[in-house]
Structures are given as C-alpha cells and as structure tokens.
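Coordinates from entry-v2.txt are shown below (compact mmCIF, C-alpha atoms and all ligand atoms).
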```txt
# COMPACT_ATOMS: atom_id res chain seq x y z
CA MET A 465 116.05 75.75 109.80
CA ARG A 466 113.97 74.94 112.92
CA THR A 467 112.88 77.07 115.83
CA ALA A 468 113.42 75.91 119.41
CA ALA A 469 109.76 74.91 119.40
CA GLY A 470 110.56 72.51 116.58
CA ARG A 471 108.54 74.17 113.89
CA PRO A 472 109.60 75.93 110.70
CA ALA A 473 111.15 79.34 111.34
CA TYR A 474 109.90 82.23 109.33
CA ARG A 475 112.35 84.66 107.73
CA ARG A 476 113.99 87.11 110.14
CA CYS A 477 112.98 90.12 108.03
CA LEU A 478 109.35 89.45 108.99
CA ALA A 479 109.95 89.97 112.71
CA PRO A 480 109.32 93.76 112.77
CA LEU A 481 106.00 93.41 110.94
CA LYS A 482 102.97 94.22 113.03
CA PRO A 483 99.80 92.43 111.98
CA TYR A 484 97.46 94.58 109.89
CA VAL A 485 94.54 95.84 111.94
CA PRO A 486 91.64 96.53 109.62
CA GLY A 487 89.02 99.19 110.29
CA GLY A 488 86.18 97.98 112.53
CA THR A 489 83.46 95.94 110.89
CA ALA A 490 79.70 96.28 111.20
CA GLU A 491 79.76 92.92 113.03
CA ASP A 492 82.20 94.29 115.65
CA VAL A 493 80.09 97.31 116.40
CA ALA A 494 76.80 95.33 116.44
CA ARG A 495 77.89 93.82 119.78
CA HIS A 496 77.05 97.17 121.38
CA ARG A 497 73.55 96.95 119.91
CA PRO A 498 73.47 100.52 118.65
CA ALA A 499 70.25 101.68 116.98
CA ARG A 500 72.21 102.42 113.78
CA ILE A 501 75.60 101.48 112.38
CA SER A 502 77.68 103.89 110.27
CA LYS A 503 80.88 102.36 108.93
CA MET A 504 83.20 105.34 108.47
CA GLY A 505 86.59 103.80 109.23
CA SER A 506 87.81 102.24 105.99
CA ASN A 507 87.40 104.93 103.29
CA GLU A 508 84.91 102.86 101.32
CA ASN A 509 82.34 104.37 98.98
CA PRO A 510 79.25 105.12 101.10
CA LEU A 511 77.04 104.88 97.97
CA GLY A 512 78.17 101.31 97.41
CA PRO A 513 78.95 100.00 93.94
CA GLY A 514 77.28 101.46 90.86
CA ARG A 515 74.34 99.67 89.21
CA LEU A 516 76.34 98.84 86.09
CA ALA A 517 79.09 97.16 88.11
CA VAL A 518 76.56 95.06 90.01
CA GLU A 519 74.91 93.97 86.75
CA ALA A 520 78.31 93.06 85.33
CA VAL A 521 79.04 90.86 88.37
CA ARG A 522 75.69 89.09 87.93
CA GLU A 523 76.50 88.36 84.31
CA ALA A 524 80.02 87.26 85.15
CA ALA A 525 78.63 84.80 87.70
CA ALA A 526 77.43 82.55 84.88
CA ARG A 527 81.01 82.18 83.60
CA ILE A 528 82.94 81.52 86.78
CA SER A 529 83.84 77.97 85.79
CA VAL A 530 86.30 79.50 83.32
CA TYR A 531 89.65 81.02 84.32
CA PRO A 532 89.77 84.81 84.06
CA ASP A 533 91.73 86.66 81.38
CA PRO A 534 95.28 86.67 82.82
CA SER A 535 96.08 89.98 81.17
CA ALA A 536 92.75 91.73 81.94
CA GLY A 537 92.84 92.79 78.30
CA LEU A 538 89.45 94.49 78.01
CA LEU A 539 90.05 96.50 81.14
CA ARG A 540 93.53 97.54 80.06
CA ASP A 541 92.11 98.64 76.70
CA ALA A 542 89.53 100.76 78.50
CA LEU A 543 92.14 102.25 80.84
CA ALA A 544 94.25 103.10 77.81
CA ARG A 545 91.33 104.79 76.04
CA GLY A 546 90.51 106.79 79.16
CA THR A 547 94.03 108.14 79.57
CA GLY A 548 95.30 108.39 75.98
CA LYS A 549 97.93 105.76 76.79
CA SER A 550 98.44 102.24 75.49
CA PRO A 551 97.31 98.96 77.12
CA GLY A 552 100.98 98.13 77.66
CA ASN A 553 101.15 100.96 80.18
CA PHE A 554 98.88 99.09 82.61
CA LEU A 555 99.06 96.06 84.85
CA VAL A 556 95.90 95.00 86.67
CA ALA A 557 96.17 93.37 90.08
CA ASN A 558 94.24 92.02 93.05
CA GLY A 559 93.81 95.46 94.57
CA SER A 560 96.49 98.11 94.46
CA ASP A 561 97.85 96.37 97.55
CA GLU A 562 98.97 93.56 95.26
CA VAL A 563 100.73 96.06 93.01
CA LEU A 564 102.76 97.25 96.01
CA VAL A 565 103.86 93.71 96.75
CA LEU A 566 104.69 93.08 93.08
CA ILE A 567 106.84 96.21 93.06
CA ALA A 568 108.85 95.07 96.06
CA ALA A 569 109.10 91.53 94.64
CA THR A 570 110.44 92.93 91.37
CA TYR A 571 112.94 95.53 92.52
CA LEU A 572 114.14 94.88 96.07
CA ASN A 573 117.12 92.70 96.82
CA PRO A 574 117.73 91.81 100.48
CA GLY A 575 119.38 94.78 102.15
CA ASP A 576 118.18 97.32 99.60
CA ASN A 577 116.01 100.05 101.03
CA ALA A 578 112.74 101.78 100.36
CA VAL A 579 112.12 105.38 101.39
CA VAL A 580 108.68 106.30 102.74
CA SER A 581 107.19 109.19 104.64
CA GLU A 582 106.15 109.00 108.25
CA HIS A 583 102.37 108.93 108.91
CA THR A 584 101.42 107.17 105.73
CA PHE A 585 99.76 104.00 104.45
CA PHE A 586 101.37 100.99 106.08
CA ASN A 587 101.58 98.63 103.13
CA TYR A 588 104.67 100.24 101.60
CA GLU A 589 106.59 99.19 104.68
CA PHE A 590 104.90 95.80 104.64
CA ALA A 591 105.84 95.13 101.01
CA ALA A 592 109.44 96.21 101.52
CA ARG A 593 109.95 94.16 104.67
CA VAL A 594 108.47 91.00 103.20
CA PHE A 595 111.24 91.15 100.59
CA ASP A 596 113.92 91.78 103.20
CA GLY A 597 114.22 95.46 102.38
CA GLU A 598 115.17 98.12 104.86
CA VAL A 599 112.57 100.85 105.38
CA ARG A 600 113.56 104.48 105.82
CA ALA A 601 110.65 106.44 107.25
CA VAL A 602 111.28 110.15 106.83
CA PRO A 603 109.72 112.58 109.34
CA THR A 604 107.02 114.89 108.00
CA ARG A 605 107.07 118.68 108.25
CA GLY A 606 103.90 119.95 109.85
CA LEU A 607 102.38 116.58 108.87
CA ARG A 608 103.21 117.15 105.17
CA CYS A 609 105.55 114.77 103.34
CA ASP A 610 108.97 116.37 103.34
CA LEU A 611 110.14 115.63 99.81
CA ALA A 612 113.50 117.33 100.29
CA ALA A 613 114.23 115.13 103.29
CA MET A 614 112.97 112.07 101.41
CA ARG A 615 115.36 112.90 98.58
CA ASP A 616 118.19 113.24 101.12
CA ALA A 617 117.33 109.79 102.50
CA VAL A 618 117.90 108.20 99.08
CA ASP A 619 121.25 106.47 98.75
CA ALA A 620 122.93 103.98 96.43
CA ARG A 621 120.82 101.13 97.88
CA THR A 622 117.48 102.88 97.59
CA ARG A 623 115.44 101.05 94.98
CA ILE A 624 112.00 102.53 95.67
CA VAL A 625 110.49 105.72 97.04
CA PHE A 626 106.82 105.44 97.97
CA LEU A 627 104.64 108.54 98.02
CA CYS A 628 100.93 108.49 98.83
CA ASN A 629 99.09 111.34 97.10
CA PRO A 630 96.75 112.43 98.54
CA ASN A 631 98.14 110.90 101.68
CA ASN A 632 96.23 108.36 103.73
CA PRO A 633 95.52 109.15 106.58
CA THR A 634 96.11 112.92 106.53
CA GLY A 635 94.40 113.75 103.21
CA LEU A 636 97.18 116.27 102.48
CA HIS A 637 98.58 116.38 98.96
CA VAL A 638 101.80 117.15 97.15
CA GLY A 639 101.36 119.67 94.32
CA ALA A 640 102.43 119.22 90.70
CA ALA A 641 105.45 121.52 90.76
CA GLU A 642 106.83 119.96 93.93
CA LEU A 643 106.30 116.43 92.69
CA GLU A 644 107.92 117.13 89.36
CA ALA A 645 110.97 118.73 90.99
CA PHE A 646 111.22 115.69 93.26
CA LEU A 647 111.04 113.27 90.34
CA ARG A 648 113.73 115.23 88.51
CA SER A 649 115.96 115.09 91.57
CA LEU A 650 115.84 111.28 91.92
CA PRO A 651 118.58 109.03 90.57
CA ARG A 652 117.50 107.38 87.32
CA GLU A 653 117.79 103.93 88.92
CA THR A 654 115.39 104.72 91.78
CA LEU A 655 111.74 103.87 91.21
CA ALA A 656 109.22 106.50 92.33
CA VAL A 657 105.86 104.98 93.24
CA VAL A 658 103.00 107.42 93.57
CA ASP A 659 99.97 105.80 95.19
CA GLU A 660 96.88 107.55 93.84
CA ALA A 661 94.23 105.45 95.58
CA TYR A 662 92.20 108.61 96.23
CA ALA A 663 93.13 110.67 93.17
CA GLU A 664 89.59 110.70 91.74
CA TYR A 665 88.48 112.80 94.72
CA ALA A 666 91.27 115.36 94.40
CA ASP A 667 90.14 118.73 93.07
CA ALA A 668 93.02 121.01 94.06
CA PRO A 669 94.09 122.98 90.97
CA ASP A 670 97.70 122.00 91.56
CA PHE A 671 97.02 118.26 91.95
CA PRO A 672 99.55 116.48 89.68
CA ASP A 673 98.58 114.85 86.40
CA CYS A 674 100.45 111.63 86.95
CA ALA A 675 99.17 110.01 83.75
CA ALA A 676 101.07 112.70 81.85
CA LEU A 677 104.10 112.47 84.14
CA THR A 678 104.51 108.76 83.43
CA ASP A 679 105.12 109.71 79.76
CA ARG A 680 108.06 111.82 80.83
CA PHE A 681 109.57 109.89 83.74
CA HIS A 682 110.76 106.36 82.91
CA ASN A 683 111.10 105.61 86.65
CA LEU A 684 107.62 106.71 87.76
CA LEU A 685 104.97 104.11 88.56
CA VAL A 686 101.48 105.14 89.63
CA THR A 687 99.09 102.85 91.51
CA ARG A 688 95.33 103.30 91.44
CA THR A 689 92.35 101.34 92.69
CA PHE A 690 88.71 100.55 92.04
CA SER A 691 88.16 100.20 95.80
CA LYS A 692 87.42 103.81 96.63
CA ALA A 693 85.62 106.13 94.19
CA HIS A 694 84.40 103.17 92.11
CA GLY A 695 83.05 101.33 95.15
CA LEU A 696 84.52 97.87 94.45
CA ALA A 697 86.66 97.28 97.58
CA GLY A 698 85.20 93.83 98.18
CA LEU A 699 86.16 92.57 94.73
CA ARG A 700 89.85 93.51 95.05
CA ILE A 701 91.01 95.21 91.88
CA GLY A 702 93.55 97.95 91.24
CA TYR A 703 96.29 98.69 88.76
CA ALA A 704 99.72 100.07 87.97
CA MET A 705 100.31 102.70 85.31
CA ALA A 706 103.84 103.29 83.99
CA GLN A 707 106.04 103.11 80.94
CA GLU A 708 105.95 99.69 79.28
CA ALA A 709 109.38 98.59 80.47
CA LEU A 710 108.34 98.89 84.12
CA ILE A 711 105.05 97.12 83.48
CA GLN A 712 106.92 94.26 81.81
CA ASP A 713 109.21 94.02 84.84
CA LEU A 714 106.22 93.63 87.17
CA ARG A 715 104.59 91.07 84.88
CA GLN A 716 107.41 88.63 85.63
CA VAL A 717 106.26 88.15 89.21
CA LYS A 718 102.50 88.39 88.74
CA LEU A 719 100.59 85.15 89.24
CA PRO A 720 98.73 84.32 86.01
CA PHE A 721 95.17 84.54 87.31
CA ASN A 722 95.60 87.21 89.96
CA VAL A 723 92.39 89.10 89.18
CA ASN A 724 89.10 87.23 89.20
CA ALA A 725 86.62 87.47 86.35
CA ALA A 726 83.87 89.20 88.35
CA ALA A 727 86.29 91.93 89.42
CA GLN A 728 87.47 92.49 85.85
CA ALA A 729 83.90 92.74 84.57
CA ALA A 730 82.82 95.06 87.38
CA ALA A 731 85.82 97.36 86.95
CA LEU A 732 85.18 97.63 83.22
CA ALA A 733 81.54 98.54 83.87
CA ALA A 734 82.53 100.98 86.62
CA LEU A 735 84.90 102.80 84.29
CA GLY A 736 81.97 103.42 81.96
CA ASP A 737 79.61 104.50 84.75
CA ARG A 738 80.25 108.23 84.74
CA GLU A 739 77.03 108.93 86.55
CA HIS A 740 77.94 106.84 89.60
CA LEU A 741 81.36 108.42 89.75
CA ALA A 742 79.90 111.92 89.46
CA ARG A 743 77.37 111.19 92.25
CA THR A 744 80.17 109.77 94.40
CA LEU A 745 82.36 112.83 93.97
CA GLU A 746 79.52 115.29 94.59
CA LEU A 747 78.39 113.45 97.72
CA ASN A 748 81.97 113.50 98.95
CA ARG A 749 82.46 117.20 98.23
CA LEU A 750 79.31 118.21 100.10
CA GLY A 751 79.90 115.82 103.01
CA LYS A 752 83.54 116.81 103.41
CA ASP A 753 82.55 120.45 103.53
CA LEU A 754 79.81 119.81 106.10
CA LEU A 755 82.01 117.69 108.36
CA THR A 756 84.95 120.09 108.11
CA ARG A 757 82.79 123.00 109.21
CA ALA A 758 81.15 121.04 112.04
CA LEU A 759 84.46 119.76 113.43
CA ALA A 760 86.11 123.17 113.12
CA ALA A 761 83.13 124.73 114.92
CA LYS A 762 83.99 122.55 117.91
CA GLY A 763 87.42 124.17 117.91
CA TRP A 764 89.05 120.96 116.64
CA GLU A 765 91.83 121.02 114.09
CA VAL A 766 90.86 119.51 110.71
CA LEU A 767 93.37 118.95 107.93
CA PRO A 768 92.41 120.02 104.40
CA SER A 769 91.76 116.72 102.65
CA GLN A 770 91.93 115.80 98.98
CA GLY A 771 90.51 112.34 99.72
CA ASN A 772 87.19 110.84 100.82
CA PHE A 773 88.09 111.19 104.50
CA LEU A 774 89.05 113.80 107.05
CA CYS A 775 91.79 113.76 109.65
CA PHE A 776 90.94 115.72 112.79
CA ARG A 777 92.33 116.30 116.28
CA PRO A 778 89.88 116.44 119.18
CA THR A 779 90.67 118.63 122.15
CA VAL A 780 89.75 117.95 125.79
CA VAL A 781 89.08 114.24 125.15
CA THR A 782 91.65 111.93 123.59
CA ALA A 783 91.34 110.50 120.11
CA LEU A 784 91.01 107.00 121.55
CA GLU A 785 88.20 108.07 123.89
CA VAL A 786 86.37 109.77 121.03
CA GLY A 787 86.84 106.67 118.85
CA GLU A 788 85.52 104.36 121.56
CA ALA A 789 82.54 106.57 122.40
CA LEU A 790 81.61 106.78 118.74
CA PHE A 791 81.99 103.01 118.41
CA ARG A 792 79.57 102.38 121.28
CA GLN A 793 77.06 104.58 119.47
CA GLY A 794 77.46 102.63 116.24
CA VAL A 795 79.90 104.92 114.40
CA ILE A 796 83.14 103.30 113.25
CA VAL A 797 86.05 105.72 112.72
CA ARG A 798 89.81 105.21 112.75
CA PRO A 799 91.89 106.58 115.67
CA LEU A 800 95.35 107.01 114.18
CA GLY A 801 97.73 105.74 116.87
CA ARG A 802 98.97 103.03 114.53
CA PHE A 803 99.94 105.72 112.04
CA GLY A 804 101.98 107.50 114.71
CA LEU A 805 99.27 110.16 115.10
CA GLU A 806 98.01 109.38 118.60
CA ASP A 807 95.98 112.59 118.87
CA TRP A 808 94.20 112.28 115.56
CA ILE A 809 91.20 110.46 114.10
CA ARG A 810 90.31 109.67 110.51
CA VAL A 811 86.68 109.63 109.48
CA THR A 812 85.42 108.60 106.04
CA VAL A 813 82.95 111.03 104.51
CA GLY A 814 79.61 109.23 104.51
CA THR A 815 76.10 109.61 103.18
CA PRO A 816 74.12 112.53 104.63
CA ALA A 817 72.54 110.08 107.12
CA GLN A 818 75.94 108.68 108.18
CA ASN A 819 77.42 112.16 108.52
CA ALA A 820 74.47 113.22 110.68
CA HIS A 821 74.89 110.07 112.82
CA PHE A 822 78.58 110.84 113.31
CA LEU A 823 77.91 114.46 114.27
CA GLU A 824 75.06 113.52 116.63
CA ALA A 825 77.23 110.90 118.30
CA LEU A 826 79.99 113.49 118.74
CA GLU A 827 77.55 115.73 120.60
CA GLY A 828 76.90 112.84 122.98
CA PRO A 829 79.50 111.23 125.20
CA ALA A 830 82.17 111.44 122.50
CA GLY A 831 82.35 115.15 122.06
CA ALA A 832 82.76 116.46 125.58
C1 LIG A 901 96.65 104.86 100.15
C2 LIG A 901 96.10 103.53 99.85
N1 LIG A 901 96.69 102.77 98.93
C3 LIG A 901 96.23 101.55 98.63
C4 LIG A 901 95.14 101.05 99.26
C5 LIG A 901 94.72 99.65 98.95
O1 LIG A 901 93.74 99.67 98.00
P1 LIG A 901 93.23 98.32 97.33
O2 LIG A 901 91.88 98.09 97.89
O3 LIG A 901 93.21 98.66 95.87
O4 LIG A 901 94.19 97.23 97.64
C6 LIG A 901 94.47 101.79 100.23
C7 LIG A 901 93.31 101.23 100.92
O5 LIG A 901 92.84 101.70 101.90
C8 LIG A 901 94.97 103.06 100.53
O6 LIG A 901 94.41 103.82 101.46
```
Using structure tokens, write down the structure from this file.
Ligand SMILES: Cc1ncc(COP(=O)(O)O)c(C=O)c1O
Amino acid sequence: MRTAAGRPAYRRCLAPLKPYVPGGTAEDVARHRPARISKMGSNENPLGPGRLAVEAVREAAARISVYPDPSAGLLRDALARGTGKSPGNFLVANGSDEVLVLIAATYLNPGDNAVVSEHTFFNYEFAARVFDGEVRAVPTRGLRCDLAAMRDAVDARTRIVFLCNPNNPTGLHVGAAELEAFLRSLPRETLAVVDEAYAEYADAPDFPDCAALTDRFHNLLVTRTFSKAHGLAGLRIGYAMAQEALIQDLRQVKLPFNVNAAAQAAALAALGDREHLARTLELNRLGKDLLTRALAAKGWEVLPSQGNFLCFRPTVVTALEVGEALFRQGVIVRPLGRFGLEDWIRVTVGTPAQNAHFLEALEGPAGA
C-alpha cells in the first residue's frame, strides 16, 4: 500500500499515537545557562548507580565482543533466590518498557482491547495501539484508579488490564485487599499486568505483595525495573514476574539478545548491593518528607506518594508557568498536561542539594 505522497504507509492503528516526550535533559536546560542544573523530571535515582554495578559494567566491558546470555540466566537465578520463586518465573527485558510491548505482542489480536486507568503511564496505551488494540481509559475517582469501574470496562474482548502501582505520575497506590478483590473479579482469560516500577520505594503497610500474589493468580503478571531504585536507567533492564506459563508465552516474541551483557552484569551486582538500595530508600524517604512539607506550607496540594516523586498542584500560577520558571533556573520537573493533569506537576525527589535548589527556585519567579 502507498500513500498519496508515494511512500510506504504505516499501519492505521498507529495514527492516534502521540510521540513520546521525554523529561527535559541537562543539555536542554543548559541553554538558559543556570548556575546549577537539577534534573528532577524523569524519576531517576539521584544517587546514581551503586559502586558494585559500576564495577560490574567495567568488567563486562572486556567481554563485549561476545553475545550476551539470551536467557539472562544468572540474573534470573538471583531474582528467584531473592523472592523464593524459580528462575522460570522471570523474563528479563530491555527495560520494563520492553516487557509491556512483549505483553501486547503476545496477547493482543487486532480489535481486542486493553483496559487502563486515566492519568497513568503512557506506555500501556502505546503497546496496545502498536498491536492494533483498542484502549479503554477508565476515569479515576479523586485521582485514584477506580478498580470497580475498570472491572466494569472489561468485556469479552479485553485481553489485558494494566495497573500502575504505585501510579506514575500521581504516586497513589492500590492496597492489597483492593487489588486482590480486583484480581478475583477478573475473568480467567484476562491478563492483569501490575507495573511495579516504583515498588521498592513503597512503604505503606497495605502495599500488596505481588510476588506472593503471582503464586495464586495464574493471570497476574508483574513488571519491575532496575531503572529507578537500582539506578540503572541508562542501561535499560527490567523484568516480568509471573507463573511459568505466562513467561513462556512472552518468550515466544522476545528477540534472542534483547538485554546487553553490561546491563545483565550491572543488574546482578545491583541486586546484591543492599547498601546502595538502603541509602537510596532513606534519601528518598527524607527528601519526600521535606518536599511534601515545604509544598504544603505554600498552601499547595500534594498527593501522598509511594514512589520517588511527588505530584503537586500550584495555586495562583499555572503548572506550566511554574515548570517553565523552574526550568529557566536550572530545575527540570514534569508539568503533567500530557497525563491529562493540566494543573499538576511531578517532581522527582532529589539529593538534599537538588531539593534545596528546587525549593529556592520556587521561592523565586516560579512560586509567586
Ligand atoms: C510506571 C513506569 N513503568 C515503566 C517504566 C519504564 O521503565 P524502564 O526504564 O524499565 O523501561 C517507567 C519509567 O519511567 C515508569 O514510570
């Protein structure tokens, strides 16, 4: 098929896709020549990678002429040991983003649908649309995922329900009892995907134990990543955790060498680096508390977050104005218009110096 312009036509299902707009980069903000740059728009680990992961990458560099292990066997063994599961319960991928695409590639036929919540991570919709799936975005209730309404949106052609827990960008979470009731209510043929990209940060007593839930629910698949708490976003490595039958399904569409050797080595080292993880979580806890109090003291609404970021709503000035003023002063945050939350901003919890920079910049032209 040819377009009028005489070039290959892409598939019609791609037409509604908006290009992904990543968080601002340090290079973008440098154009304003700020005295400092604080990158707080992409929920990365402000401590950077751990020492053990960096050493592992250095060692792996000597072996990059050799293809990586297609099954990421050592890493899957370590994930199994850490969770009391078996290596067959894991599939490692090029970021958890790749897992989302593999899920859609495995389970969606054209015209099937995927149910998602409003105001959530965009890549569920992306993955579904690329495979010609319909996307049903279910309105939230007071910004929380409305699981009852999501269940009501499921029909005979619903293959996948995506749930982000805690949710990016709000930071709000679904508790264990609610999630379990939801899983019990789903048809056996519908896959429930729970994206736990930020689960390491969650400390709410009722946060679900999804590793245990995957033992009980044959149609539950959990995605996790090394990009956030483990500080390896640039290497691209994440994984799926589920019963073996689901993992075997996904394996059919995985490219053989999807995860590079340096990423596998770094992730393995990061899993063993309890100290770096503990420092990361403590820094996040303290910073989140500090930023929550400071933003609330301005009279701004701040959502209780289980992640490494906060979602807040400025008053008097618009979210876009605040975002732009911060940007000019070297602080990159994420105004949430693209998530359908025009009045809100997401800020990643930073180091003490980054948090101070953000708060100082808010007192300047941004915080009027
Ligand atoms: C909720 C959520 N899921 C998945 C991802 C993608 O993570 P990865 O870097 O593992 O592809 C992100 C990244 O921002 C995210 O926020």
Calculate, to one decimal in Å, the centre and edge lengths of the box along x, y and z of the file that holds all listed atoms of ligand LIG 901 (chain A) with 5 Å of margin on each side, and present them as JSON.
```
{"center_x": 94.3, "center_y": 101.0, "center_z": 98.9, "size_x": 14.8, "size_y": 17.6, "size_z": 16.0}
```
Test item: residues at most 8 Å from His821 (chain A), all atoms listed in the file, excluding those fewer than 4 positions along its chain, as a list in words
Ser502, Val795, Ala817 and Ala825 of chain A
Can you measure CA of Leu767 (chain A) to CA of Ala617 (chain A) for me? One decimal in Å is fine.
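CA of Leu767 (chain A) sits 26.2 Å away from CA of Ala617 (chain A).
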Contact residues around Asp670 (chain A) with all atoms listed in the file at 10 Å, ignoring same-chain residues under 4 positions, as a list in words
His637, Val638, Gly639, Ala640, Ala641, Glu642 and Ala666 of chain A
Would you mind reading off the distance between CA of Arg738 (chain A) and atom O3 of ligand LIG 901 (chain A), one decimal, in Å?
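Distance reported for this atom pair: 19.6 Å.
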Judged by all atoms listed in the file, the minimum distance to Ala601 (chain A) among A:Ala729, A:Asn577, A:Arg792, A:Val658 is found for A:Asn577
For Leu564 (chain A), list every protein, DNA or RNA residue within 10 Å, evaluated using all atoms listed in the file, and leave out those in the same chain fewer than 5 positions away; present the list as a ChimeraX atom specification.
/A:557,559,569-570,587-592,626,657,659,687,703-704
Just to be explicit: take each residue in the selection above, keep C-alpha atoms, and write the result as a JSON list (two decimals), in the coordinates of the input.
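And here is the file that came out, out_14.json:
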```json
[["chain", "number", "residue", "atom", "x", "y", "z"],
["A", 557, "ALA", "CA", 96.17, 93.37, 90.08],
["A", 559, "GLY", "CA", 93.81, 95.46, 94.57],
["A", 569, "ALA", "CA", 109.10, 91.53, 94.64],
["A", 570, "THR", "CA", 110.44, 92.93, 91.37],
["A", 587, "ASN", "CA", 101.58, 98.63, 103.13],
["A", 588, "TYR", "CA", 104.67, 100.24, 101.60],
["A", 589, "GLU", "CA", 106.59, 99.19, 104.68],
["A", 590, "PHE", "CA", 104.90, 95.80, 104.64],
["A", 591, "ALA", "CA", 105.84, 95.13, 101.01],
["A", 592, "ALA", "CA", 109.44, 96.21, 101.52],
["A", 626, "PHE", "CA", 106.82, 105.44, 97.97],
["A", 657, "VAL", "CA", 105.86, 104.98, 93.24],
["A", 659, "ASP", "CA", 99.97, 105.80, 95.19],
["A", 687, "THR", "CA", 99.09, 102.85, 91.51],
["A", 703, "TYR", "CA", 96.29, 98.69, 88.76],
["A", 704, "ALA", "CA", 99.72, 100.07, 87.97]]
```
Around ligand LIG 901 (chain A), at most 10 Å away and counting only C-alpha atoms and all ligand atoms, which residues are there? Put them as a PyMOL selection string, please.
chain A and resi 486-487+505-508+557-564+584-588+627-633+635+658-663+687-692+695-703+771
List the neighbours of Glu824 (chain A) out to 12 Å using all atoms listed in the file; skip same-chain residues closer than 4 positions along the sequence, and give me the result as an NGL selection string.
:A and (500 or 502 or 755 or 758-759 or 789-790 or 793-795 or 817-820 or 828-831)
What is the CA of Ala726 (chain A)-CA of Met504 (chain A) distance in Å, reported with one decimal?
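Taking CA of Ala726 (chain A) and CA of Met504 (chain A), their separation equals 25.8 Å.
Each of A:Ala730, A:Glu708, A:Gly814, A:Ser529 was checked against Asn748 (chain A) using all atoms listed in the file; the smallest atom-to-atom distance is that of A:Gly814.
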Within 12 Å of Ile624 (chain A), counting all atoms listed in the file, which residues show up once you throw out same-chain ones fewer than 5 positions away? Write them as an MDAnalysis selection string, please.
chainID A and resid 564 567:573 576:580 588:589 591:592 597:600 614:615 617:619 650:658 683:685
Distance cut-off 12 Å, centre (81.3, 102.2, 84.4) in file coordinates, counting all atoms listed in the file: which residues qualify? Return them as a ChimeraX atom specification.
/A:513-520,539,542-543,546,690,693-696,728-742
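Ranking A:Tyr484, A:Ala613, A:Thr815, A:Gly470 by their shortest atom-to-atom distance to Arg743 (chain A), with all atoms listed in the file included, puts A:Thr815 first.
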Will you model N, CA, C and O atoms for region 567-578 of chain A and pass it back as a CSV table (one decimal), in the coordinates of the input?
```csv
chain,number,residue,atom,x,y,z
A,567,ILE,N,105.7,95.2,93.2
A,567,ILE,CA,106.8,96.2,93.1
A,567,ILE,C,108.0,95.8,93.9
A,567,ILE,O,109.2,95.7,93.4
A,568,ALA,N,107.7,95.5,95.2
A,568,ALA,CA,108.8,95.1,96.1
A,568,ALA,C,109.5,93.8,95.6
A,568,ALA,O,110.7,93.6,95.6
A,569,ALA,N,108.6,92.8,95.1
A,569,ALA,CA,109.1,91.5,94.6
A,569,ALA,C,110.0,91.7,93.4
A,569,ALA,O,110.9,90.9,93.2
A,570,THR,N,109.7,92.7,92.6
A,570,THR,CA,110.4,92.9,91.4
A,570,THR,C,111.8,93.7,91.6
A,570,THR,O,112.8,93.3,91.0
A,571,TYR,N,111.8,94.6,92.5
A,571,TYR,CA,112.9,95.5,92.5
A,571,TYR,C,113.8,95.4,93.8
A,571,TYR,O,114.9,96.0,93.7
A,572,LEU,N,113.3,94.8,94.8
A,572,LEU,CA,114.1,94.9,96.1
A,572,LEU,C,115.0,93.6,96.2
A,572,LEU,O,114.4,92.5,96.3
A,573,ASN,N,116.3,93.8,96.4
A,573,ASN,CA,117.1,92.7,96.8
A,573,ASN,C,117.3,92.8,98.3
A,573,ASN,O,117.2,93.9,98.9
A,574,PRO,N,117.5,91.7,99.0
A,574,PRO,CA,117.7,91.8,100.5
A,574,PRO,C,118.8,92.9,100.8
A,574,PRO,O,119.8,92.9,100.2
A,575,GLY,N,118.4,93.7,101.7
A,575,GLY,CA,119.4,94.8,102.2
A,575,GLY,C,119.2,96.1,101.4
A,575,GLY,O,119.7,97.1,101.8
A,576,ASP,N,118.5,96.1,100.3
A,576,ASP,CA,118.2,97.3,99.6
A,576,ASP,C,117.2,98.1,100.5
A,576,ASP,O,116.6,97.5,101.4
A,577,ASN,N,117.0,99.3,100.2
A,577,ASN,CA,116.0,100.0,101.0
A,577,ASN,C,114.9,100.7,100.2
A,577,ASN,O,115.1,101.0,99.0
A,578,ALA,N,113.8,101.0,100.9
A,578,ALA,CA,112.7,101.8,100.4
A,578,ALA,C,112.5,103.0,101.3
A,578,ALA,O,112.6,102.9,102.5
```
